[in-house]
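Shown here: coords.csv, CSV, C-alpha atoms and all ligand atoms.
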```csv
chain,number,residue,atom,x,y,z
H,80,MET,CA,14.8,10.2,10.7
H,81,THR,CA,12.0,10.1,13.2
H,82,VAL,CA,10.9,7.1,15.1
H,83,LEU,CA,7.4,6.8,16.6
H,84,VAL,CA,8.0,4.7,19.7
H,85,GLY,CA,5.6,2.2,21.1
H,86,LEU,CA,2.7,2.5,18.6
H,87,ASP,CA,0.0,-0.2,18.6
H,88,VAL,CA,-0.3,-0.7,14.9
H,89,LEU,CA,-3.9,-1.4,13.9
H,90,GLY,CA,-4.4,-2.7,17.5
H,91,GLN,CA,-2.4,-5.8,16.5
H,92,GLY,CA,0.8,-5.3,18.3
H,93,VAL,CA,3.2,-2.7,19.7
H,94,ARG,CA,6.2,-1.6,17.6
H,95,ASP,CA,8.2,1.4,16.6
H,96,VAL,CA,7.6,3.1,13.2
H,97,ALA,CA,10.5,4.9,11.6
H,98,ILE,CA,10.0,7.6,9.0
H,99,ARG,CA,12.5,9.2,6.6
H,100,ASP,CA,11.7,11.5,3.7
H,101,GLY,CA,8.0,10.9,4.1
H,102,VAL,CA,8.3,7.1,3.8
H,103,ILE,CA,8.2,4.3,6.5
H,104,VAL,CA,11.7,2.8,6.7
H,105,GLU,CA,13.8,0.5,9.0
H,106,PRO,CA,15.3,2.4,12.0
H,107,ASP,CA,19.0,3.0,11.6
H,108,GLY,CA,20.0,4.4,15.1
H,109,THR,CA,20.3,8.1,14.0
H,110,GLU,CA,16.7,9.0,14.8
H,111,THR,CA,14.7,11.5,16.8
H,112,ARG,CA,12.4,9.5,19.1
H,113,VAL,CA,8.8,10.4,19.7
H,114,ASP,CA,6.9,8.8,22.6
H,115,CYS,CA,3.7,7.2,21.1
H,116,ARG,CA,3.1,4.6,23.8
H,117,GLY,CA,-0.6,3.9,24.3
H,118,LEU,CA,-1.6,5.2,20.9
H,119,VAL,CA,-3.1,3.1,18.1
H,120,ALA,CA,-1.8,3.8,14.6
H,121,LEU,CA,-4.1,3.6,11.5
H,122,PRO,CA,-3.3,4.5,8.0
H,123,ALA,CA,-4.5,8.2,7.6
H,124,LEU,CA,-8.2,8.2,6.9
H,125,VAL,CA,-9.8,8.8,3.5
H,126,ASP,CA,-13.1,10.5,3.2
H,127,PRO,CA,-15.0,9.7,0.0
H,128,HIS,CA,-17.6,12.4,0.7
H,129,THR,CA,-16.7,15.9,2.0
H,130,HIS,CA,-18.2,19.3,1.2
H,131,LEU,CA,-15.5,22.0,1.3
H,132,ARG,CA,-17.6,24.8,-0.1
H,133,ASP,CA,-14.6,26.0,-2.2
H,134,PRO,CA,-15.0,27.7,-4.6
H,135,GLY,CA,-17.7,29.5,-2.8
H,136,PRO,CA,-18.5,32.5,-0.6
H,137,GLY,CA,-16.3,31.3,2.3
H,138,THR,CA,-19.0,31.8,5.0
H,139,ALA,CA,-19.2,28.1,6.0
H,140,GLU,CA,-15.9,26.5,4.9
H,141,THR,CA,-13.0,26.9,2.6
H,142,ILE,CA,-10.3,24.4,1.4
H,143,GLU,CA,-8.1,25.9,4.1
H,144,SER,CA,-10.5,25.5,7.0
H,145,GLY,CA,-11.8,22.2,5.8
H,146,SER,CA,-8.3,20.9,5.4
H,147,ARG,CA,-7.5,21.8,9.0
H,148,ALA,CA,-10.7,20.0,10.1
H,149,ALA,CA,-9.7,17.0,8.1
H,150,ALA,CA,-6.2,16.8,9.6
H,151,ARG,CA,-7.7,17.1,13.1
H,152,GLY,CA,-10.0,14.2,12.3
H,153,GLY,CA,-7.1,12.0,11.2
H,154,TYR,CA,-7.7,12.3,7.5
H,155,GLY,CA,-5.0,12.2,4.8
H,156,ALA,CA,-7.3,12.7,1.9
H,157,VAL,CA,-10.8,14.0,1.3
H,158,CYS,CA,-12.9,13.7,-1.8
H,159,ALA,CA,-14.5,17.1,-2.4
H,160,MET,CA,-18.1,17.1,-3.6
H,161,PRO,CA,-18.8,19.4,-6.6
H,162,ASN,CA,-21.8,21.3,-5.3
H,163,THR,CA,-19.7,24.4,-4.9
H,164,VAL,CA,-20.3,27.9,-6.2
H,165,PRO,CA,-19.8,27.6,-9.1
H,166,VAL,CA,-20.4,23.9,-9.5
H,167,ALA,CA,-17.2,21.9,-10.1
H,168,ASP,CA,-18.3,20.7,-13.6
H,169,THR,CA,-15.1,21.7,-15.5
H,170,PRO,CA,-11.5,20.6,-15.6
H,171,GLU,CA,-10.4,24.1,-14.5
H,172,ILE,CA,-12.4,24.1,-11.3
H,173,CYS,CA,-11.3,20.6,-10.4
H,174,ALA,CA,-7.7,21.5,-11.0
H,175,TYR,CA,-8.1,24.6,-8.8
H,176,GLU,CA,-9.4,22.5,-5.9
H,177,ARG,CA,-6.5,20.1,-6.1
H,178,ARG,CA,-3.9,23.0,-6.4
H,179,ARG,CA,-5.5,24.9,-3.5
H,180,GLY,CA,-5.4,21.8,-1.4
H,181,ALA,CA,-1.7,21.3,-2.2
H,182,GLU,CA,-1.0,24.9,-1.3
H,183,VAL,CA,-2.6,24.5,2.1
H,184,GLY,CA,-0.8,21.2,2.4
H,185,LEU,CA,-2.7,19.6,5.3
H,186,VAL,CA,-4.7,16.9,3.3
H,187,ASP,CA,-4.9,15.7,-0.2
H,188,VAL,CA,-8.0,17.4,-1.7
H,189,VAL,CA,-9.3,15.0,-4.3
H,190,PRO,CA,-11.9,16.7,-6.6
H,191,ILE,CA,-15.1,14.9,-7.5
H,192,GLY,CA,-16.5,16.2,-10.8
H,193,ALA,CA,-20.1,16.9,-11.4
H,194,VAL,CA,-22.0,14.4,-13.5
H,195,THR,CA,-24.2,17.0,-15.2
H,196,VAL,CA,-23.7,20.6,-16.1
H,197,GLY,CA,-24.4,22.7,-13.1
H,198,GLU,CA,-25.7,19.6,-11.3
H,199,GLU,CA,-28.9,20.3,-13.1
H,200,GLY,CA,-29.4,16.7,-14.1
H,201,LEU,CA,-30.0,17.4,-17.8
H,202,GLU,CA,-26.8,17.5,-19.8
H,203,VAL,CA,-23.8,15.3,-19.0
H,204,ALA,CA,-20.8,17.4,-18.0
H,205,ASP,CA,-17.3,17.3,-19.6
H,206,ILE,CA,-16.4,14.0,-18.0
H,207,ALA,CA,-13.4,13.3,-20.4
H,208,GLY,CA,-12.0,16.8,-19.7
H,209,MET,CA,-12.2,16.4,-15.9
H,210,ALA,CA,-10.7,12.9,-16.3
H,211,ALA,CA,-7.8,14.5,-18.1
H,212,VAL,CA,-6.9,16.4,-14.9
H,213,GLY,CA,-7.1,13.3,-12.9
H,214,VAL,CA,-10.8,13.2,-11.7
H,215,ARG,CA,-12.0,9.6,-11.2
H,216,MET,CA,-15.2,10.1,-9.1
H,217,PHE,CA,-18.2,11.9,-10.4
H,218,SER,CA,-21.4,12.9,-8.5
H,219,ASP,CA,-24.2,15.4,-8.5
H,220,ASP,CA,-24.3,15.1,-4.7
H,221,GLY,CA,-26.9,17.2,-3.0
H,222,ARG,CA,-29.0,16.2,-5.9
H,223,CYS,CA,-29.8,12.8,-7.5
H,224,VAL,CA,-29.0,11.9,-11.2
H,225,ALA,CA,-32.6,11.1,-11.5
H,226,ARG,CA,-33.2,10.9,-15.2
H,227,SER,CA,-32.4,7.4,-16.4
H,228,ASP,CA,-31.3,8.5,-19.9
H,229,VAL,CA,-28.9,11.0,-18.4
H,230,MET,CA,-27.6,8.3,-16.0
H,231,ARG,CA,-27.1,5.9,-18.9
H,232,ASP,CA,-25.1,8.4,-20.9
H,233,ALA,CA,-23.0,9.4,-17.9
H,234,LEU,CA,-22.2,5.8,-16.9
H,235,LEU,CA,-21.1,5.0,-20.5
H,236,GLU,CA,-18.7,8.0,-20.3
H,237,ILE,CA,-17.4,7.2,-16.9
H,238,ALA,CA,-17.0,3.5,-17.7
H,239,LYS,CA,-14.5,4.4,-20.4
H,240,LEU,CA,-12.1,5.9,-17.9
H,241,GLY,CA,-12.6,3.3,-15.2
H,242,GLY,CA,-14.2,5.8,-12.9
H,243,VAL,CA,-17.1,5.6,-10.5
H,244,LEU,CA,-20.4,7.5,-10.2
H,245,ALA,CA,-21.3,8.3,-6.6
H,246,GLN,CA,-25.0,8.7,-6.4
H,247,HIS,CA,-27.0,10.8,-4.0
H,248,ALA,CA,-30.0,8.4,-4.2
H,249,GLN,CA,-33.2,10.4,-3.8
H,250,ASP,CA,-36.1,10.2,-6.2
H,251,PRO,CA,-37.0,13.9,-6.4
H,252,LEU,CA,-40.6,13.2,-7.3
H,253,LEU,CA,-41.1,11.2,-4.2
H,254,THR,CA,-39.5,13.8,-1.9
H,255,VAL,CA,-41.0,17.1,-2.9
H,256,GLY,CA,-41.0,19.3,0.2
H,257,ALA,CA,-39.7,16.5,2.4
H,258,GLN,CA,-38.4,17.6,5.8
H,259,VAL,CA,-38.0,14.5,8.0
H,260,ASP,CA,-38.1,10.7,7.9
H,261,ALA,CA,-41.6,9.5,7.0
H,262,GLY,CA,-41.9,7.6,10.3
H,263,VAL,CA,-42.0,10.8,12.3
H,264,ALA,CA,-43.6,13.1,9.8
H,265,ASP,CA,-47.1,13.0,11.4
H,266,ARG,CA,-45.8,13.6,14.9
H,267,VAL,CA,-44.0,16.8,13.8
H,268,GLY,CA,-46.5,17.9,11.3
H,269,LEU,CA,-44.0,18.0,8.4
H,270,SER,CA,-43.9,16.2,5.1
H,271,GLY,CA,-42.1,12.8,5.2
H,272,TRP,CA,-39.2,11.3,3.3
H,273,PRO,CA,-40.2,7.8,2.3
H,274,ALA,CA,-37.5,5.0,2.4
H,275,MET,CA,-38.5,3.9,-1.1
H,276,ALA,CA,-37.3,7.2,-2.6
H,277,GLU,CA,-33.7,6.1,-1.7
H,278,ALA,CA,-34.0,2.3,-2.3
H,279,ALA,CA,-35.7,2.5,-5.7
H,280,ILE,CA,-32.9,4.7,-7.1
H,281,VAL,CA,-30.2,2.4,-5.7
H,282,ALA,CA,-32.0,-0.6,-7.2
H,283,ARG,CA,-32.2,1.1,-10.6
H,284,ASP,CA,-28.6,2.2,-10.4
H,285,ALA,CA,-27.4,-1.3,-9.5
H,286,ILE,CA,-29.1,-2.7,-12.6
H,287,MET,CA,-27.7,0.0,-14.8
H,288,ALA,CA,-24.2,-0.4,-13.3
H,289,ALA,CA,-24.2,-4.1,-14.2
H,290,GLU,CA,-25.7,-3.6,-17.7
H,291,LEU,CA,-23.4,-0.8,-18.7
H,292,GLY,CA,-20.2,-2.0,-16.9
H,293,CYS,CA,-19.6,1.1,-14.8
H,294,ARG,CA,-19.1,1.2,-11.0
H,295,VAL,CA,-21.8,2.9,-9.0
H,296,HIS,CA,-21.3,4.0,-5.4
H,297,ALA,CA,-24.4,4.6,-3.2
H,298,CYS,CA,-23.7,7.6,-1.0
H,299,HIS,CA,-25.0,7.8,2.6
H,300,VAL,CA,-27.2,4.7,2.7
H,301,SER,CA,-29.8,5.3,5.4
H,302,THR,CA,-32.5,2.7,5.5
H,303,ALA,CA,-33.0,-1.1,6.0
H,304,GLN,CA,-34.6,-1.2,2.6
H,305,THR,CA,-31.6,0.2,0.9
H,306,VAL,CA,-29.3,-2.2,2.8
H,307,ALA,CA,-31.4,-5.1,1.4
H,308,VAL,CA,-31.0,-3.7,-2.1
H,309,VAL,CA,-27.2,-3.4,-1.8
H,310,ARG,CA,-27.0,-6.9,-0.4
H,311,TRP,CA,-29.0,-8.2,-3.3
H,312,ALA,CA,-26.8,-6.2,-5.9
H,313,LYS,CA,-23.6,-7.6,-4.3
H,314,SER,CA,-25.0,-11.1,-4.3
H,315,GLN,CA,-25.4,-10.7,-8.1
H,316,GLY,CA,-21.8,-9.5,-8.5
H,317,TYR,CA,-22.9,-6.1,-9.6
H,318,PRO,CA,-20.2,-3.4,-9.4
H,319,VAL,CA,-21.8,-1.5,-6.5
H,320,THR,CA,-20.3,-0.1,-3.3
H,321,ALA,CA,-22.1,1.6,-0.4
H,322,GLU,CA,-21.3,4.2,2.1
H,323,VAL,CA,-22.7,5.2,5.5
H,324,THR,CA,-22.2,8.4,7.5
H,325,PRO,CA,-21.3,8.5,11.2
H,326,HIS,CA,-24.6,10.4,11.9
H,327,HIS,CA,-26.7,7.7,10.3
H,328,LEU,CA,-24.9,5.1,12.4
H,329,MET,CA,-25.2,7.2,15.7
H,330,LEU,CA,-28.4,9.2,15.6
H,331,ASP,CA,-32.1,8.4,14.8
H,332,SER,CA,-35.2,10.2,13.7
H,333,SER,CA,-36.4,10.9,17.3
H,334,THR,CA,-34.0,13.9,17.2
H,335,ALA,CA,-36.4,15.6,14.8
H,336,LEU,CA,-38.9,15.8,17.7
H,337,THR,CA,-36.6,18.3,19.4
H,338,GLY,CA,-37.1,20.8,16.5
H,339,ASP,CA,-33.4,21.6,16.6
H,340,ALA,CA,-32.3,22.1,13.0
H,341,ALA,CA,-28.8,20.8,13.9
H,342,TYR,CA,-30.4,17.4,13.2
H,343,LYS,CA,-31.7,18.3,9.8
H,344,VAL,CA,-29.9,16.4,7.1
H,345,ASN,CA,-30.3,14.8,3.7
H,346,PRO,CA,-31.1,11.9,3.8
H,347,PRO,CA,-32.9,12.4,7.1
H,348,LEU,CA,-32.0,10.6,10.3
H,349,ARG,CA,-34.0,7.4,10.2
H,350,SER,CA,-35.9,5.0,12.6
H,351,VAL,CA,-34.2,2.9,15.3
H,352,GLU,CA,-34.8,-0.1,13.1
H,353,ASP,CA,-33.1,1.5,10.1
H,354,VAL,CA,-30.1,2.5,12.3
H,355,GLU,CA,-29.8,-1.1,13.5
H,356,ALA,CA,-29.9,-2.3,9.9
H,357,VAL,CA,-27.1,0.1,8.7
H,358,ARG,CA,-25.0,-0.8,11.7
H,359,ASP,CA,-25.3,-4.5,11.0
H,360,ALA,CA,-24.5,-3.9,7.3
H,361,PHE,CA,-21.5,-1.9,8.3
H,362,VAL,CA,-20.2,-4.7,10.5
H,363,ASP,CA,-20.9,-7.5,7.9
H,364,GLY,CA,-19.3,-5.5,5.1
H,365,THR,CA,-22.4,-4.9,3.0
H,366,ILE,CA,-21.6,-1.3,3.5
H,367,ASP,CA,-18.0,-0.7,2.4
H,368,VAL,CA,-17.0,2.7,3.6
H,369,VAL,CA,-17.7,5.6,6.0
H,370,GLY,CA,-18.3,8.9,4.2
H,371,THR,CA,-18.6,11.9,6.6
H,372,ASP,CA,-20.9,13.9,4.3
H,373,HIS,CA,-19.2,16.8,6.2
H,374,ALA,CA,-21.6,19.6,5.3
H,375,PRO,CA,-20.7,23.0,6.8
H,376,HIS,CA,-23.4,25.6,6.9
H,377,ALA,CA,-23.2,29.2,8.1
H,378,PRO,CA,-24.7,29.5,11.6
H,379,GLU,CA,-27.7,31.7,10.6
H,380,THR,CA,-28.8,28.9,8.2
H,381,LYS,CA,-29.0,26.3,10.9
H,382,ARG,CA,-30.9,28.2,13.5
H,383,GLY,CA,-34.6,28.9,13.9
H,384,ASP,CA,-37.3,27.3,11.8
H,385,TRP,CA,-36.7,23.7,10.8
H,386,CYS,CA,-38.3,24.1,7.4
H,387,GLU,CA,-36.1,27.1,6.5
H,388,ALA,CA,-32.9,25.6,7.8
H,389,SER,CA,-30.1,24.1,5.6
H,390,MET,CA,-29.6,20.3,5.5
H,391,GLY,CA,-26.3,18.9,6.7
H,392,MET,CA,-23.9,18.4,9.6
H,393,LEU,CA,-20.2,18.7,10.2
H,394,GLY,CA,-18.4,15.4,10.5
H,395,LEU,CA,-14.7,15.4,9.8
H,396,GLU,CA,-13.4,15.9,13.3
H,397,THR,CA,-15.8,13.5,15.0
H,398,ALA,CA,-16.1,10.6,12.5
H,399,LEU,CA,-13.4,8.3,13.9
H,400,ALA,CA,-14.5,8.8,17.5
H,401,VAL,CA,-18.1,8.1,16.7
H,402,VAL,CA,-17.2,4.9,14.8
H,403,ALA,CA,-14.9,3.8,17.6
H,404,ASP,CA,-17.5,4.3,20.3
H,405,LEU,CA,-20.1,2.4,18.4
H,406,PHE,CA,-18.0,-0.5,17.0
H,407,VAL,CA,-14.6,-0.8,18.6
H,408,ARG,CA,-15.6,-0.2,22.3
H,409,THR,CA,-18.5,-2.6,21.8
H,410,GLY,CA,-16.2,-5.3,20.3
H,411,ARG,CA,-18.1,-5.4,17.0
H,412,LEU,CA,-15.2,-4.3,14.9
H,413,SER,CA,-11.4,-4.3,15.4
H,414,TRP,CA,-9.2,-1.3,14.7
H,415,ALA,CA,-8.0,-3.1,11.5
H,416,GLU,CA,-11.6,-3.4,10.3
H,417,VAL,CA,-12.2,0.3,11.0
H,418,ALA,CA,-9.0,1.1,9.0
H,419,GLU,CA,-10.4,-0.9,6.1
H,420,ARG,CA,-13.7,0.9,6.1
H,421,MET,CA,-12.3,4.4,6.8
H,422,SER,CA,-9.0,4.3,4.8
H,423,SER,CA,-8.2,1.4,2.6
H,424,ALA,CA,-11.7,0.8,1.0
H,425,PRO,CA,-12.3,4.5,0.4
H,426,ALA,CA,-8.8,4.9,-1.1
H,427,ARG,CA,-9.6,2.0,-3.5
H,428,LEU,CA,-13.0,3.6,-4.3
H,429,ALA,CA,-11.4,6.9,-5.3
H,430,GLY,CA,-8.3,5.3,-6.9
H,431,LEU,CA,-5.8,6.8,-4.5
H,432,ASP,CA,-2.6,4.7,-4.6
H,433,GLY,CA,-0.7,6.4,-1.8
H,434,HIS,CA,-3.5,6.1,0.8
H,435,GLY,CA,-5.0,3.3,2.7
H,436,ARG,CA,-1.8,1.2,2.5
H,437,PRO,CA,-0.7,-1.2,5.3
H,438,ILE,CA,1.7,0.5,7.8
H,439,GLU,CA,4.9,-1.2,6.7
H,440,VAL,CA,8.4,-0.4,5.3
H,441,GLY,CA,8.1,1.3,1.9
H,442,ALA,CA,4.7,2.8,2.4
H,443,PRO,CA,4.1,6.5,2.5
H,444,ALA,CA,4.0,7.8,6.1
H,445,ASN,CA,0.3,8.7,6.1
H,446,LEU,CA,-0.8,8.0,9.6
H,447,CYS,CA,-3.6,8.6,12.0
H,448,LEU,CA,-2.7,8.3,15.7
H,449,VAL,CA,-5.5,7.6,18.1
H,450,ASP,CA,-5.7,7.6,21.8
H,451,PRO,CA,-8.3,4.9,22.5
H,452,HIS,CA,-8.9,6.0,26.1
H,453,ARG,CA,-9.1,9.8,25.7
H,454,THR,CA,-12.5,11.2,26.6
H,455,TRP,CA,-13.5,14.6,25.2
H,456,ARG,CA,-16.6,16.6,24.5
H,457,THR,CA,-17.3,18.3,21.1
H,458,TYR,CA,-18.3,21.9,20.8
H,459,GLY,CA,-19.0,23.5,17.4
H,460,ARG,CA,-17.2,26.6,18.3
H,461,GLU,CA,-14.0,24.7,19.0
H,462,LEU,CA,-13.9,22.8,15.7
H,463,ALA,CA,-11.6,24.0,12.9
H,464,SER,CA,-14.5,24.5,10.4
H,465,ILE,CA,-15.8,28.1,9.9
H,466,ALA,CA,-19.3,26.6,10.4
H,467,GLU,CA,-20.3,25.1,13.8
H,468,ASN,CA,-23.1,22.8,12.9
H,469,THR,CA,-22.1,19.7,14.8
H,470,PRO,CA,-24.9,17.3,15.8
H,471,TYR,CA,-22.8,16.3,18.8
H,472,GLU,CA,-22.7,19.6,20.7
H,473,GLY,CA,-21.5,18.8,24.2
H,474,VAL,CA,-21.6,15.0,23.6
H,475,GLU,CA,-18.8,13.0,25.2
H,476,LEU,CA,-16.8,10.7,23.0
H,477,SER,CA,-14.3,8.3,24.4
H,478,SER,CA,-11.4,8.1,21.9
H,479,ARG,CA,-9.6,10.9,20.1
H,480,VAL,CA,-7.3,11.5,17.1
H,481,VAL,CA,-4.2,13.1,18.6
H,482,ALA,CA,-1.9,13.3,15.6
H,483,THR,CA,-2.0,13.0,11.8
H,484,LEU,CA,0.9,12.6,9.4
H,485,LEU,CA,0.8,13.2,5.6
H,486,ARG,CA,3.8,11.8,3.8
H,487,GLY,CA,5.8,12.2,7.1
H,488,LYS,CA,4.6,15.8,7.6
H,489,VAL,CA,2.9,16.4,10.9
H,490,THR,CA,-0.5,18.0,9.9
H,491,PHE,CA,-2.1,17.8,13.4
H,492,ASP,CA,-0.5,17.3,16.8
H,493,LEU,CA,-2.9,17.8,19.7
H,494,ASP,CA,-0.3,17.5,22.5
H,495,ASP,CA,2.7,18.9,20.7
H,496,ARG,CA,4.3,15.5,20.9
H,497,PHE,CA,6.3,16.2,17.7
H,498,SER,CA,7.6,19.6,18.6
H,501,ZN,ZN,-25.8,13.6,-0.6
```
For this file, write the structure as structure tokens.
Ligand SMILES: [Zn+2]
Amino acid sequence: MTVLVGLDVLGQGVRDVAIRDGVIVEPDGTETRVDCRGLVALPALVDPHTHLRDPGPGTAETIESGSRAAARGGYGAVCAMPNTVPVADTPEICAYERRRGAEVGLVDVVPIGAVTVGEEGLEVADIAGMAAVGVRMFSDDGRCVARSDVMRDALLEIAKLGGVLAQHAQDPLLTVGAQVDAGVADRVGLSGWPAMAEAAIVARDAIMAAELGCRVHACHVSTAQTVAVVRWAKSQGYPVTAEVTPHHLMLDSSTALTGDAAYKVNPPLRSVEDVEAVRDAFVDGTIDVVGTDHAPHAPETKRGDWCEASMGMLGLETALAVVADLFVRTGRLSWAEVAERMSSAPARLAGLDGHGRPIEVGAPANLCLVDPHRTWRTYGRELASIAENTPYEGVELSSRVVATLLRGKVTFDLDDRFS
């Protein structure tokens, strides 16, 4: 038995947490004691939106490297988006991802199945087959399920198994060639990405979710307009949840003026007013969860010309620190509220029973230990991902994940506290 001594559990009080056989138990006096004074304990985080690029060429990320990044970020489970090579649109590929994740053993890799064959948006994929290997979330992320007839057929299938469709809301016909937020498009001389291209899809999806009785999750909400749509849908009782990324909470569209493709992402970074709106919605619960949208890209695809560069940013290792800096240090959210948005709510969304549970006797020992006063700077080359495309290069963050446990196994231990 191991006892973690002096943990501040959810910032609500200091106590010891004893672990035996991967489960939290009552201490019995025979234990190894580990000094955890000064650390805050959260249930291990759950990411509803990760790109692990596996299967794939292995030039930006693999399940192994991504699992290490996740453990370093305090995650116990990550939901892997299906825009892999090949696309995860079959039971076999989804089963491979789960199995490979278990082999690596650092984080539970939860496959998200593609909604349509090849994520091409035309033909609904083998939803029932993927459900048979345990898949409960479906998405064409990277692309939008744009055709309403395909969306209808997919929702009817997913409703039967009690699953959820996670939508990358982007009307493709309104975003042809879009490079940056519409608000800065003229200043940088690139084509703009209008807010309505996101909000119109979320509004349609909310109506279809209610009508067809299937949960829809809006990925990476980025505008004030979409926040208003989600607020309306929830006020109607529609089965809709919403996600925000750390970068849409932290960064705004002025970064595009630098021309540095590290800030190129889909959806784009938005105006200061949009950032304020998503922050407020995150605090008041209109936005349910943080999804990292961790999107590794090989270095050569993130350098040079903005228009040629890939869209996306790393996020797993910095997510909690970004959220803590913005919301805990400012007194806008408690650690318990952060745990709800980064662990419990995403676990419910993805249907993961063992994750996001209160830290109490009988629960699996899935823990994220945070030093709330540990200042550090992030550098892409020091992150566990094969890719290095962090938007926080050299940025100082003021709290840090120092250890992660998955069913009692120490998957990350920054200070060798457990050795
Ligand atoms: Zn997306």
>> Between H:His327, H:His373, H:Lys488, H:Arg177, which residue has the minimum interatomic distance to H:Asp353, considering all atoms listed in the file?
In response: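 Smallest separation from H:Asp353 among the options: H:His327.
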> Hey, which of H:Asp219, H:Glu379, H:Asp107, H:Asp260 ends up closest to ligand ZN 501 (chain H)? Count all atoms listed in the file.
Replying inline: H:Asp219
> Which of these, H:Ala167, H:Val362, H:Ala374, H:Leu234, has the shortest distance to H:Val407 once you count only C-alpha atoms?
Replying inline: H:Val362
>> What's the separation between atom CA of H:Ala204 and atom CA of H:Thr138, in Å to one decimal place?
In response: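 Spanning atom CA of H:Ala204 to atom CA of H:Thr138 is a straight-line distance of 27.2 Å.
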> At a cut-off of 9 Å from (-27.6, 11.6, -11.7) in the coordinates of the file, what residues are picked up using only C-alpha atoms, written as a ChimeraX atom specification?
Replying inline: /H:194-195,198-201,218-220,222-227,229-230,233,244-248
>> What does the list of residues within 12 Å of ligand ZN 501 (chain H) look like if you count all atoms listed in the file, written as a PyMOL selection string?
In response: chain H and resi 127-130+159-162+218-224+245-249+277+296-301+322-324+344-347+370-374+390-392
To box stretch 356-360 of chain H, take all atoms listed in the file, fit an axis-aligned box, add 3 Å on each side, and give centre and edge lengths in Å to one decimal, as JSON.
```
{"center_x": -27.2, "center_y": -2.2, "center_z": 9.5, "size_x": 11.4, "size_y": 10.6, "size_z": 10.4}
```
> Expressed in Å to a single decimal, how great is the separation between atom CA of H:Glu202 and atom CA of H:Ala174?
Replying inline: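 It comes out at 21.4 Å.
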Kindly assemble as JSON lines a list of the stretch 386-466 of chain H residues that lie within 9 Å of stretch 329-336 of chain H, each paired with its nearest atom pair and their distance in Å to one decimal, using all atoms listed in the file, sorted first by chain and then by ascending residue number.
```
{"residue": "H:Val401", "atom": "CA", "partner": "H:Met329", "partner_atom": "CA", "distance": 7.2}
{"residue": "H:Val402", "atom": "CA", "partner": "H:Met329", "partner_atom": "CA", "distance": 8.4}
{"residue": "H:Leu405", "atom": "CA", "partner": "H:Met329", "partner_atom": "CA", "distance": 7.5}
```
>> Just the number, please: distance in Å from atom CA of H:Arg112 to atom CA of H:Gly92, one decimal.
In response: 18.8 Å
>> Under the rule that all atoms listed in the file are counted, which of H:Ser413, H:Thr490, H:Ser314, H:Ser389 is the nearest residue to H:Arg147?
In response: H:Thr490
>> Which residue is closest to H:Thr457? Choose from H:Arg479, H:Arg266, H:Arg179, H:Arg436 and count all atoms listed in the file.
In response: H:Arg479
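The residue that comes closest to H:Glu352, out of H:Arg456, H:Ala193, H:Val449, H:Val306 and on the basis of all atoms listed in the file, is H:Val306.
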> What lies within 7 Å of H:Gly85 using all atoms listed in the file, ignoring chain neighbours under 2 positions off, as number ranges by chain?
Replying inline: H: 83, 87, 93-95, 114-116
If you count all atoms listed in the file, which residues fall within 12 Å of H:Glu461, apart from same-chain ones fewer than 4 positions away, as a tab-separated table (two decimals) with C-alpha atoms, in the coordinates of the input?
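Saved the output as around32.tsv:
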```
chain	number	residue	atom	x	y	z
H	148	ALA	CA	-10.70	20.00	10.10
H	151	ARG	CA	-7.70	17.10	13.10
H	396	GLU	CA	-13.40	15.90	13.30
H	455	TRP	CA	-13.50	14.60	25.20
H	456	ARG	CA	-16.60	16.60	24.50
H	457	THR	CA	-17.30	18.30	21.10
H	465	ILE	CA	-15.80	28.10	9.90
H	466	ALA	CA	-19.30	26.60	10.40
H	467	GLU	CA	-20.30	25.10	13.80
H	468	ASN	CA	-23.10	22.80	12.90
H	469	THR	CA	-22.10	19.70	14.80
H	472	GLU	CA	-22.70	19.60	20.70
H	473	GLY	CA	-21.50	18.80	24.20
```
>> Counting only C-alpha atoms, which residues sit no farther than 12 Å from the position (-24.9, -3.6, 0.9) in the file's frame? I'd like them as a ChimeraX atom specification.
In response: /H:278,281-282,285,296-323,356-368
Generate the coordinates of N, CA and C atoms for stretch 225-231 of chain H; report them as a short mmCIF file (atom, residue, chain, number, x, y, z; two decimals), keeping the file's coordinate frame.
```cif
data_model
loop_
_atom_site.label_atom_id
_atom_site.label_comp_id
_atom_site.auth_asym_id
_atom_site.auth_seq_id
_atom_site.Cartn_x
_atom_site.Cartn_y
_atom_site.Cartn_z
N ALA H 225 -31.34 11.78 -11.54
CA ALA H 225 -32.60 11.10 -11.50
C ALA H 225 -33.05 10.55 -12.86
N ARG H 226 -32.78 11.31 -13.91
CA ARG H 226 -33.20 10.90 -15.20
C ARG H 226 -32.41 9.68 -15.72
N SER H 227 -33.10 8.60 -16.05
CA SER H 227 -32.40 7.40 -16.40
C SER H 227 -31.61 7.50 -17.70
N ASP H 228 -32.08 8.32 -18.62
CA ASP H 228 -31.30 8.50 -19.90
C ASP H 228 -30.02 9.24 -19.64
N VAL H 229 -30.07 10.24 -18.78
CA VAL H 229 -28.90 11.00 -18.40
C VAL H 229 -27.90 10.08 -17.66
N MET H 230 -28.45 9.29 -16.75
CA MET H 230 -27.60 8.30 -16.00
C MET H 230 -26.94 7.37 -16.93
N ARG H 231 -27.67 6.85 -17.89
CA ARG H 231 -27.10 5.90 -18.90
C ARG H 231 -25.92 6.57 -19.62
#
```
